[in-house]
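What follows is target25.pdb (PDB, C-alpha atoms, pLDDT in the B column).
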```pdb
ATOM      1  CA  MET A 206       0.000   0.000   0.000  1.00 52.00           C
ATOM      2  CA  SER A 207       1.485   3.353  -1.058  1.00 53.00           C
ATOM      3  CA  THR A 208       1.577   6.268   1.308  1.00 60.00           C
ATOM      4  CA  PRO A 209       1.099   9.914   0.378  1.00 55.00           C
ATOM      5  CA  GLU A 210       4.741  10.471   0.992  1.00 58.00           C
ATOM      6  CA  ASP A 211       5.638   7.964  -1.730  1.00 63.00           C
ATOM      7  CA  LYS A 212       3.701   9.926  -4.475  1.00 61.00           C
ATOM      8  CA  PRO A 213       5.947  11.938  -6.793  1.00 65.00           C
ATOM      9  CA  LYS A 214       5.845  15.655  -6.167  1.00 65.00           C
ATOM     10  CA  PRO A 215       4.812  17.876  -9.124  1.00 65.00           C
ATOM     11  CA  LYS A 216       7.545  19.953 -10.664  1.00 63.00           C
ATOM     12  CA  PRO A 217       7.373  23.613  -9.703  1.00 61.00           C
ATOM     13  CA  ARG A 218       6.469  26.008 -12.537  1.00 60.00           C
ATOM     14  CA  LYS A 219       9.113  28.378 -13.753  1.00 54.00           C
ATOM     15  CA  LYS A 220       8.371  31.976 -12.777  1.00 53.00           C
ATOM     16  CA  LYS A 221       8.651  34.464 -15.568  1.00 54.00           C
ATOM     17  CA  ASP A 222      10.825  37.467 -14.841  1.00 57.00           C
ATOM     18  CA  ASP A 223       8.788  40.616 -14.289  1.00 62.00           C
ATOM     19  CA  PRO A 224       9.367  43.218 -17.069  1.00 67.00           C
ATOM     20  CA  THR A 225      11.281  46.315 -16.106  1.00 74.00           C
ATOM     21  CA  PRO A 226       9.566  49.776 -16.180  1.00 73.00           C
ATOM     22  CA  ALA A 227      11.618  50.760 -19.250  1.00 77.00           C
ATOM     23  CA  GLU A 228      10.388  47.751 -21.193  1.00 79.00           C
ATOM     24  CA  VAL A 229       6.807  48.486 -20.175  1.00 78.00           C
ATOM     25  CA  GLU A 230       7.090  52.085 -21.393  1.00 81.00           C
ATOM     26  CA  LYS A 231       8.689  51.010 -24.670  1.00 81.00           C
ATOM     27  CA  ALA A 232       5.941  48.468 -25.354  1.00 81.00           C
ATOM     28  CA  ALA A 233       3.229  51.035 -24.624  1.00 81.00           C
ATOM     29  CA  GLY A 234       4.815  53.506 -26.993  1.00 79.00           C
ATOM     30  CA  LYS A 235       5.049  50.913 -29.732  1.00 80.00           C
ATOM     31  CA  ARG A 236       1.370  50.045 -29.403  1.00 80.00           C
ATOM     32  CA  ALA A 237       0.385  53.739 -29.516  1.00 76.00           C
ATOM     33  CA  ALA A 238       2.417  54.270 -32.676  1.00 73.00           C
ATOM     34  CA  GLU A 239       0.821  51.279 -34.365  1.00 74.00           C
ATOM     35  CA  SER A 240      -2.669  52.444 -33.395  1.00 69.00           C
ATOM     36  CA  ARG A 241      -2.338  55.969 -35.033  1.00 62.00           C
ATOM     37  CA  PRO A 242       0.100  55.932 -37.930  1.00 52.00           C
ATOM     38  CA  ALA A 243      -1.599  58.852 -39.725  1.00 51.00           C
ATOM     39  CA  ALA A 244      -0.790  61.342 -36.937  1.00 46.00           C
ATOM     40  CA  SER A 245       2.896  60.450 -37.019  1.00 45.00           C
ATOM     41  CA  ASP A 246       3.000  60.946 -40.810  1.00 51.00           C
ATOM     42  CA  GLU A 247       1.470  64.406 -40.508  1.00 53.00           C
ATOM     43  CA  ALA A 248       3.983  65.377 -37.833  1.00 51.00           C
ATOM     44  CA  ALA A 249       6.831  64.195 -40.039  1.00 52.00           C
ATOM     45  CA  LYS A 250       5.736  66.456 -42.927  1.00 57.00           C
ATOM     46  CA  PRO A 251       7.439  69.915 -42.952  1.00 60.00           C
ATOM     47  CA  LYS A 252       5.214  72.909 -42.225  1.00 63.00           C
ATOM     48  CA  PRO A 253       4.719  75.382 -45.108  1.00 64.00           C
ATOM     49  CA  SER A 254       6.529  78.723 -44.747  1.00 70.00           C
ATOM     50  CA  ALA A 255       4.836  82.143 -44.452  1.00 73.00           C
ATOM     51  CA  LYS A 256       5.759  83.056 -48.056  1.00 70.00           C
ATOM     52  CA  ALA A 257       4.174  79.877 -49.391  1.00 75.00           C
ATOM     53  CA  LYS A 258       0.987  80.607 -47.456  1.00 74.00           C
ATOM     54  CA  LYS A 259       0.865  84.180 -48.813  1.00 76.00           C
ATOM     55  CA  ALA A 260       1.426  83.036 -52.415  1.00 79.00           C
ATOM     56  CA  LYS A 261      -1.301  80.411 -52.035  1.00 77.00           C
ATOM     57  CA  ALA A 262      -3.749  83.020 -50.670  1.00 78.00           C
ATOM     58  CA  GLU A 263      -3.021  85.417 -53.568  1.00 79.00           C
ATOM     59  CA  LYS A 264      -3.531  82.634 -56.080  1.00 76.00           C
ATOM     60  CA  VAL A 265      -6.887  81.779 -54.541  1.00 70.00           C
ATOM     61  CA  SER A 266      -7.978  85.455 -54.638  1.00 71.00           C
ATOM     62  CA  ASP A 267      -6.950  85.806 -58.315  1.00 71.00           C
ATOM     63  CA  ASP A 268      -8.916  82.684 -59.201  1.00 67.00           C
ATOM     64  CA  ALA A 269     -11.967  84.048 -57.379  1.00 67.00           C
ATOM     65  CA  LYS A 270     -11.762  87.372 -59.271  1.00 65.00           C
ATOM     66  CA  ALA A 271     -11.465  85.573 -62.595  1.00 61.00           C
ATOM     67  CA  ASP A 272     -14.528  83.490 -61.801  1.00 62.00           C
ATOM     68  CA  ALA A 273     -16.511  86.587 -60.767  1.00 59.00           C
ATOM     69  CA  GLN A 274     -15.839  88.453 -64.031  1.00 59.00           C
ATOM     70  CA  THR A 275     -18.357  88.119 -66.801  1.00 53.00           C
ATOM     71  CA  PRO A 276     -17.356  87.187 -70.360  1.00 51.00           C
ATOM     72  CA  GLU A 277     -18.091  90.769 -71.510  1.00 52.00           C
ATOM     73  CA  GLU A 278     -15.657  92.195 -68.987  1.00 51.00           C
ATOM     74  CA  THR A 279     -12.926  89.778 -70.013  1.00 51.00           C
ATOM     75  CA  GLU A 280     -13.321  90.599 -73.683  1.00 52.00           C
ATOM     76  CA  LYS A 281     -13.440  94.390 -73.109  1.00 52.00           C
ATOM     77  CA  PRO A 282      -9.951  95.908 -73.703  1.00 52.00           C
ATOM     78  CA  LYS A 283      -8.424  98.305 -71.218  1.00 54.00           C
ATOM     79  CA  ALA A 284      -9.011 101.972 -71.893  1.00 51.00           C
ATOM     80  CA  ALA A 285      -5.897 103.759 -73.129  1.00 53.00           C
ATOM     81  CA  LYS A 286      -4.520 106.483 -70.902  1.00 56.00           C
ATOM     82  CA  LYS A 287      -5.077 110.013 -72.128  1.00 56.00           C
ATOM     83  CA  PRO A 288      -1.830 111.772 -73.055  1.00 53.00           C
ATOM     84  CA  LYS A 289      -0.874 114.731 -70.910  1.00 55.00           C
ATOM     85  CA  ALA A 290      -1.597 118.153 -72.278  1.00 51.00           C
ATOM     86  CA  ALA A 291       1.393 119.520 -74.140  1.00 49.00           C
ATOM     87  CA  LYS A 292       3.193 122.609 -72.945  1.00 50.00           C
ATOM     88  CA  ALA A 293       2.173 124.354 -76.155  1.00 48.00           C
ATOM     89  CA  ASP A 294      -1.441 124.464 -74.931  1.00 50.00           C
ATOM     90  CA  LYS A 295      -0.369 126.528 -71.940  1.00 49.00           C
ATOM     91  CA  ALA A 296       1.412 128.957 -74.190  1.00 47.00           C
ATOM     92  CA  ASP A 297      -1.801 129.560 -76.166  1.00 52.00           C
ATOM     93  CA  LYS A 298      -3.443 131.192 -73.149  1.00 54.00           C
ATOM     94  CA  PRO A 299      -3.352 135.035 -73.169  1.00 54.00           C
ATOM     95  CA  GLY A 300      -1.993 135.246 -69.625  1.00 55.00           C
ATOM     96  CA  ALA A 301       0.926 132.983 -70.460  1.00 52.00           C
ATOM     97  CA  THR A 302       2.035 135.131 -73.422  1.00 58.00           C
ATOM     98  CA  ALA A 303       1.907 138.272 -71.318  1.00 52.00           C
ATOM     99  CA  ALA A 304       4.015 136.637 -68.615  1.00 53.00           C
ATOM    100  CA  ALA A 305       6.526 135.413 -71.199  1.00 57.00           C
ATOM    101  CA  GLU A 306       6.924 138.871 -72.771  1.00 65.00           C
ATOM    102  CA  LYS A 307       7.284 140.664 -69.399  1.00 63.00           C
ATOM    103  CA  PRO A 308      10.994 141.297 -68.621  1.00 65.00           C
ATOM    104  CA  LYS A 309      12.307 139.916 -65.373  1.00 65.00           C
ATOM    105  CA  PRO A 310      13.200 142.538 -62.741  1.00 60.00           C
ATOM    106  CA  PRO A 311      16.733 142.569 -61.322  1.00 58.00           C
ATOM    107  CA  ALA A 312      17.427 140.444 -58.271  1.00 58.00           C
ATOM    108  CA  ARG A 313      18.270 143.486 -56.135  1.00 56.00           C
ATOM    109  CA  ARG A 314      17.033 147.048 -56.427  1.00 54.00           C
ATOM    110  CA  ARG A 315      20.485 148.475 -55.844  1.00 52.00           C
ATOM    111  CA  ASP A 316      21.793 146.679 -58.950  1.00 56.00           C
ATOM    112  CA  GLN A 317      19.641 148.933 -61.123  1.00 56.00           C
ATOM    113  CA  PRO A 318      21.181 152.427 -61.431  1.00 56.00           C
ATOM    114  CA  ARG A 319      18.962 155.436 -60.802  1.00 59.00           C
ATOM    115  CA  ARG A 320      18.419 157.682 -63.825  1.00 61.00           C
ATOM    116  CA  ARG A 321      18.858 161.406 -63.393  1.00 60.00           C
ATOM    117  CA  GLU A 322      16.562 163.804 -65.171  1.00 64.00           C
ATOM    118  CA  PRO A 323      18.175 166.552 -67.271  1.00 65.00           C
ATOM    119  CA  GLY A 324      18.897 169.655 -65.208  1.00 62.00           C
ATOM    120  CA  GLU A 325      18.704 167.756 -61.902  1.00 67.00           C
ATOM    121  CA  ALA A 326      21.419 168.461 -59.335  1.00 75.00           C
ATOM    122  CA  PRO A 327      23.830 165.583 -58.648  1.00 81.00           C
ATOM    123  CA  ILE A 328      22.938 163.381 -55.717  1.00 89.00           C
ATOM    124  CA  VAL A 329      25.209 163.684 -52.688  1.00 93.00           C
ATOM    125  CA  VAL A 330      25.205 160.912 -50.078  1.00 94.00           C
ATOM    126  CA  SER A 331      26.870 161.472 -46.734  1.00 94.00           C
ATOM    127  CA  ALA A 332      27.826 159.493 -43.645  1.00 96.00           C
ATOM    128  CA  HIS A 333      29.054 160.715 -40.259  1.00 96.00           C
ATOM    129  CA  ALA A 334      31.058 159.184 -37.442  1.00 97.00           C
ATOM    130  CA  ARG A 335      31.086 161.115 -34.171  1.00 97.00           C
ATOM    131  CA  TYR A 336      33.322 160.900 -31.099  1.00 97.00           C
ATOM    132  CA  VAL A 337      36.014 158.823 -32.783  1.00 97.00           C
ATOM    133  CA  ARG A 338      38.893 158.243 -30.373  1.00 96.00           C
ATOM    134  CA  THR A 339      41.609 159.841 -32.506  1.00 96.00           C
ATOM    135  CA  SER A 340      42.787 163.396 -32.915  1.00 96.00           C
ATOM    136  CA  ALA A 341      41.538 165.441 -35.865  1.00 97.00           C
ATOM    137  CA  ARG A 342      45.132 166.032 -37.030  1.00 96.00           C
ATOM    138  CA  LYS A 343      45.847 162.297 -37.300  1.00 96.00           C
ATOM    139  CA  ALA A 344      42.540 161.692 -39.098  1.00 97.00           C
ATOM    140  CA  ARG A 345      43.292 164.451 -41.653  1.00 96.00           C
ATOM    141  CA  LEU A 346      46.592 162.822 -42.556  1.00 96.00           C
ATOM    142  CA  VAL A 347      44.634 159.802 -43.816  1.00 96.00           C
ATOM    143  CA  CYS A 348      41.623 161.471 -45.439  1.00 95.00           C
ATOM    144  CA  ASP A 349      43.872 163.674 -47.604  1.00 94.00           C
ATOM    145  CA  HIS A 350      44.900 160.535 -49.544  1.00 95.00           C
ATOM    146  CA  ILE A 351      41.352 159.531 -50.592  1.00 95.00           C
ATOM    147  CA  ARG A 352      39.814 162.937 -51.381  1.00 94.00           C
ATOM    148  CA  GLY A 353      38.448 162.942 -54.974  1.00 93.00           C
ATOM    149  CA  LYS A 354      39.211 159.219 -55.549  1.00 94.00           C
ATOM    150  CA  ASP A 355      36.875 156.537 -56.829  1.00 94.00           C
ATOM    151  CA  VAL A 356      35.359 154.113 -54.342  1.00 95.00           C
ATOM    152  CA  GLU A 357      37.581 151.250 -55.525  1.00 94.00           C
ATOM    153  CA  GLN A 358      40.735 153.362 -55.280  1.00 95.00           C
ATOM    154  CA  ALA A 359      39.785 154.653 -51.825  1.00 96.00           C
ATOM    155  CA  ARG A 360      39.255 151.102 -50.585  1.00 95.00           C
ATOM    156  CA  ALA A 361      42.668 150.042 -51.844  1.00 96.00           C
ATOM    157  CA  ILE A 362      44.409 153.061 -50.264  1.00 96.00           C
ATOM    158  CA  LEU A 363      42.752 152.609 -46.866  1.00 96.00           C
ATOM    159  CA  SER A 364      43.386 148.863 -46.770  1.00 96.00           C
ATOM    160  CA  PHE A 365      47.170 149.446 -47.154  1.00 96.00           C
ATOM    161  CA  THR A 366      47.466 152.490 -44.873  1.00 95.00           C
ATOM    162  CA  THR A 367      49.282 151.632 -41.634  1.00 95.00           C
ATOM    163  CA  ARG A 368      47.709 154.329 -39.416  1.00 96.00           C
ATOM    164  CA  ASP A 369      44.961 153.398 -36.931  1.00 95.00           C
ATOM    165  CA  ALA A 370      42.674 156.153 -38.233  1.00 96.00           C
ATOM    166  CA  ALA A 371      42.436 154.276 -41.555  1.00 96.00           C
ATOM    167  CA  LYS A 372      40.180 151.629 -39.910  1.00 96.00           C
ATOM    168  CA  ALA A 373      37.661 154.313 -38.871  1.00 96.00           C
ATOM    169  CA  TRP A 374      37.707 155.827 -42.370  1.00 96.00           C
ATOM    170  CA  MET A 375      37.159 152.408 -43.982  1.00 96.00           C
ATOM    171  CA  LYS A 376      34.074 151.749 -41.823  1.00 96.00           C
ATOM    172  CA  LEU A 377      32.708 155.201 -42.624  1.00 96.00           C
ATOM    173  CA  LEU A 378      33.251 154.675 -46.377  1.00 96.00           C
ATOM    174  CA  GLU A 379      31.347 151.381 -46.346  1.00 95.00           C
ATOM    175  CA  SER A 380      28.517 153.039 -44.419  1.00 96.00           C
ATOM    176  CA  ALA A 381      28.247 155.805 -47.018  1.00 95.00           C
ATOM    177  CA  ILE A 382      28.162 153.249 -49.866  1.00 94.00           C
ATOM    178  CA  ALA A 383      25.369 151.327 -48.088  1.00 94.00           C
ATOM    179  CA  ASN A 384      23.370 154.570 -47.684  1.00 93.00           C
ATOM    180  CA  ALA A 385      23.699 155.322 -51.390  1.00 93.00           C
ATOM    181  CA  GLU A 386      22.562 151.855 -52.453  1.00 92.00           C
ATOM    182  CA  HIS A 387      19.668 151.547 -50.008  1.00 91.00           C
ATOM    183  CA  ASN A 388      18.306 155.107 -49.861  1.00 91.00           C
ATOM    184  CA  HIS A 389      19.068 156.473 -53.344  1.00 89.00           C
ATOM    185  CA  GLU A 390      19.178 153.314 -55.499  1.00 88.00           C
ATOM    186  CA  LEU A 391      22.736 153.974 -56.667  1.00 90.00           C
ATOM    187  CA  VAL A 392      25.417 151.458 -57.603  1.00 91.00           C
ATOM    188  CA  GLY A 393      28.327 151.445 -55.164  1.00 89.00           C
ATOM    189  CA  ASP A 394      31.054 150.884 -57.763  1.00 89.00           C
ATOM    190  CA  GLU A 395      29.900 153.933 -59.773  1.00 91.00           C
ATOM    191  CA  LEU A 396      30.509 156.441 -56.977  1.00 94.00           C
ATOM    192  CA  LYS A 397      33.395 158.722 -56.098  1.00 94.00           C
ATOM    193  CA  ILE A 398      34.356 160.690 -52.983  1.00 95.00           C
ATOM    194  CA  HIS A 399      33.020 164.222 -53.261  1.00 95.00           C
ATOM    195  CA  SER A 400      34.347 165.578 -49.973  1.00 95.00           C
ATOM    196  CA  VAL A 401      35.914 164.258 -46.783  1.00 96.00           C
ATOM    197  CA  HIS A 402      36.944 166.101 -43.638  1.00 95.00           C
ATOM    198  CA  ALA A 403      37.655 165.613 -39.936  1.00 97.00           C
ATOM    199  CA  ASP A 404      36.523 168.082 -37.233  1.00 96.00           C
ATOM    200  CA  GLU A 405      37.632 168.270 -33.626  1.00 96.00           C
ATOM    201  CA  GLY A 406      35.383 166.775 -30.992  1.00 97.00           C
ATOM    202  CA  PRO A 407      35.284 167.203 -27.204  1.00 97.00           C
ATOM    203  CA  THR A 408      38.510 166.510 -25.330  1.00 97.00           C
ATOM    204  CA  LEU A 409      38.557 164.192 -22.325  1.00 96.00           C
ATOM    205  CA  LYS A 410      40.752 165.589 -19.520  1.00 96.00           C
ATOM    206  CA  ARG A 411      42.645 163.250 -17.240  1.00 96.00           C
ATOM    207  CA  PHE A 412      45.494 163.777 -14.746  1.00 96.00           C
ATOM    208  CA  ARG A 413      48.660 161.865 -13.976  1.00 96.00           C
ATOM    209  CA  PRO A 414      50.924 162.266 -10.922  1.00 96.00           C
ATOM    210  CA  ARG A 415      54.374 163.678 -11.638  1.00 96.00           C
ATOM    211  CA  ALA A 416      57.472 164.634  -9.642  1.00 96.00           C
ATOM    212  CA  MET A 417      57.399 166.752  -6.467  1.00 95.00           C
ATOM    213  CA  GLY A 418      53.658 166.085  -5.913  1.00 95.00           C
ATOM    214  CA  ARG A 419      52.536 167.776  -9.087  1.00 96.00           C
ATOM    215  CA  ALA A 420      49.671 166.626 -11.369  1.00 96.00           C
ATOM    216  CA  THR A 421      49.931 166.798 -15.153  1.00 96.00           C
ATOM    217  CA  ARG A 422      46.897 167.099 -17.412  1.00 96.00           C
ATOM    218  CA  ILE A 423      46.361 164.495 -20.118  1.00 96.00           C
ATOM    219  CA  ARG A 424      44.181 165.462 -23.072  1.00 97.00           C
ATOM    220  CA  LYS A 425      42.368 162.585 -24.834  1.00 97.00           C
ATOM    221  CA  ARG A 426      41.258 164.032 -28.148  1.00 97.00           C
ATOM    222  CA  THR A 427      38.175 162.996 -30.164  1.00 97.00           C
ATOM    223  CA  SER A 428      37.074 163.901 -33.663  1.00 97.00           C
ATOM    224  CA  HIS A 429      33.985 163.915 -35.907  1.00 98.00           C
ATOM    225  CA  LEU A 430      34.495 162.345 -39.350  1.00 97.00           C
ATOM    226  CA  THR A 431      32.381 163.145 -42.411  1.00 97.00           C
ATOM    227  CA  ILE A 432      32.454 161.691 -45.914  1.00 97.00           C
ATOM    228  CA  THR A 433      30.210 162.447 -48.909  1.00 96.00           C
ATOM    229  CA  LEU A 434      29.824 160.470 -52.149  1.00 95.00           C
ATOM    230  CA  THR A 435      28.454 161.390 -55.541  1.00 94.00           C
ATOM    231  CA  PRO A 436      27.939 159.479 -58.807  1.00 93.00           C
ATOM    232  CA  LYS A 437      30.650 159.598 -61.460  1.00 88.00           C
ATOM    233  CA  GLU A 438      29.950 161.891 -64.386  1.00 77.00           C
TER
END
```
Please express the file's structure as structure tokens.
Amino acid sequence: MSTPEDKPKPKPRKKKDDPTPAEVEKAAGKRAAESRPAASDEAAKPKPSAKAKKAKAEKVSDDAKADAQTPEETEKPKAAKKPKAAKADKADKPGATAAAEKPKPPARRRDQPRRREPGEAPIVVSAHARYVRTSARKARLVCDHIRGKDVEQARAILSFTTRDAAKAWMKLLESAIANAEHNHELVGDELKIHSVHADEGPTLKRFRPRAMGRATRIRKRTSHLTITLTPKE
């Protein structure tokens, strides 16, 4: 009689190794890819650029306009542009001819010489400089050189004169020329010096200490300068 201990024991089943988390994730991803292949294909395709989209939209709009036009509009030729009016048409107007015949005035009024009427006295233009800080004697030594000279000659003489009074005479000459051009409509280069003179002005009195407690007077002279211009004959 056999006992339970004598019965052969069943062989133990082999346990399968549990899959690792990485293998589980990989298998899940593989199944998801197999289930939706279309989505992966769309993702793989490159996206169209902005220029391609714009060109496609313009093409669609042109096709829509062509479809909207009627056959009559397509067959109708474009109207030719009217030529611009020629400049000769402007010249035909009466106002244009009058403007063309009218002489142009000079750029400056002083460039146009003033005409003297017969029997009219010559114009004399003057300029004055008062309280010039130089003695009348020193000023006369300079003005004697330019009396009766043309404006151009007087300018040249004064520009090369080494005395300090020549600077005051040069300023006064330019002032007289400006008066003639602005007030009497004369041309500066067509003038000559009619008269020029220097008068004594007030004297400033100052004192300086000298030897033995004395005080010496110092006289600081001034002068009044006058120049007159007239047109050349």
Discussion item. Taking 3 positions as the minimum chain separation for residues in the same chain, which residues sit within 10 Å of A:Ile351 when counting only C-alpha atoms? Answer as a list in words.
Written reply: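 After dropping sequence-adjacent residues, the list is Val347, Cys348, Lys354, Asp355, Val356, Gln358, Ala359, Arg360, Ala361, Ile362, Leu363, Trp374, Lys397, Ile398, His399, Ser400 and Val401 of chain A.
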Worksheet item: Between atom CA of A:Lys425 and atom CA of A:Ser340, what is the spacing in Å?
Response: 8.1 Å
Practice prompt. Work out how far apart atom CA of A:Glu390 and atom CA of A:Val337 are and give it in Å to one decimal.
Written response: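 Answer for the atom CA of A:Glu390 to atom CA of A:Val337 separation: 28.8 Å.
Minimum distance to A:Thr427 across A:Leu396, A:Leu391, A:Ala370, A:Ala381 (counting all atoms listed in the file) occurs at A:Ala370.
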Worksheet item: Please, what distance in Å, to one decimal, runs between atom CA of A:Pro436 and atom CA of A:Glu379?
Response: 15.2 Å
Worksheet, complete the sentence: Min atom-atom distance to A:Ala344 from the set A:Glu395, A:Glu357, A:Glu438, A:Glu405, counting all atoms listed in the file, belongs to A:Glu405
Around stretch 397-408 of chain A, with edges along x, y and z and 5 Å added on all six sides, what centre and edge lengths do you get, in Å to one decimal, as AutoDock Vina command-line options?
```
--center_x 35.8 --center_y 163.5 --center_z -40.7 --size_x 15.5 --size_y 19.5 --size_z 40.8
```
Worksheet entry | Minimum-distance residue to A:Arg338, chosen among A:Gly353, A:Gly393, A:Gly418, A:Gly406 (using only C-alpha atoms) |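 Closest candidate: A:Gly406.
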Please fill the gaps in stretch 350-371 of chain A so it has N, CA and C atoms, and write that as a compact mmCIF listing (two decimals), in the coordinates of the input.
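Output contents, as saved in part_5.txt:
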```txt
# COMPACT_ATOMS: atom_id res chain seq x y z
N HIS A 350 44.50 161.46 -48.48
CA HIS A 350 44.90 160.54 -49.54
C HIS A 350 43.72 160.08 -50.40
N ILE A 351 42.50 160.10 -49.85
CA ILE A 351 41.35 159.53 -50.59
C ILE A 351 40.42 160.60 -51.12
N ARG A 352 40.71 161.88 -50.90
CA ARG A 352 39.81 162.94 -51.38
C ARG A 352 39.83 162.97 -52.91
N GLY A 353 38.60 162.90 -53.52
CA GLY A 353 38.45 162.94 -54.97
C GLY A 353 38.68 161.61 -55.67
N LYS A 354 38.94 160.53 -54.94
CA LYS A 354 39.21 159.22 -55.55
C LYS A 354 37.91 158.45 -55.78
N ASP A 355 37.99 157.47 -56.65
CA ASP A 355 36.88 156.54 -56.83
C ASP A 355 36.75 155.65 -55.60
N VAL A 356 35.60 154.99 -55.49
CA VAL A 356 35.36 154.11 -54.34
C VAL A 356 36.36 152.96 -54.32
N GLU A 357 36.63 152.37 -55.47
CA GLU A 357 37.58 151.25 -55.52
C GLU A 357 38.99 151.70 -55.14
N GLN A 358 39.41 152.85 -55.63
CA GLN A 358 40.74 153.36 -55.28
C GLN A 358 40.83 153.71 -53.80
N ALA A 359 39.77 154.29 -53.24
CA ALA A 359 39.78 154.65 -51.82
C ALA A 359 39.87 153.40 -50.95
N ARG A 360 39.16 152.35 -51.34
CA ARG A 360 39.26 151.10 -50.58
C ARG A 360 40.68 150.55 -50.59
N ALA A 361 41.31 150.58 -51.75
CA ALA A 361 42.67 150.04 -51.84
C ALA A 361 43.65 150.86 -51.01
N ILE A 362 43.49 152.20 -51.02
CA ILE A 362 44.41 153.06 -50.26
C ILE A 362 44.24 152.83 -48.77
N LEU A 363 43.00 152.77 -48.30
CA LEU A 363 42.75 152.61 -46.87
C LEU A 363 43.16 151.23 -46.36
N SER A 364 43.02 150.21 -47.21
CA SER A 364 43.39 148.86 -46.77
C SER A 364 44.89 148.71 -46.58
N PHE A 365 45.71 149.55 -47.27
CA PHE A 365 47.17 149.45 -47.15
C PHE A 365 47.79 150.58 -46.34
N THR A 366 46.95 151.42 -45.73
CA THR A 366 47.47 152.49 -44.87
C THR A 366 47.72 151.94 -43.47
N THR A 367 48.89 152.24 -42.91
CA THR A 367 49.28 151.63 -41.63
C THR A 367 48.77 152.39 -40.42
N ARG A 368 48.19 153.55 -40.56
CA ARG A 368 47.71 154.33 -39.42
C ARG A 368 46.40 153.74 -38.87
N ASP A 369 46.18 153.92 -37.56
CA ASP A 369 44.96 153.40 -36.93
C ASP A 369 43.71 154.13 -37.40
N ALA A 370 43.83 155.39 -37.78
CA ALA A 370 42.67 156.15 -38.23
C ALA A 370 42.11 155.60 -39.54
N ALA A 371 42.92 154.82 -40.29
CA ALA A 371 42.44 154.28 -41.56
C ALA A 371 41.29 153.29 -41.33
```
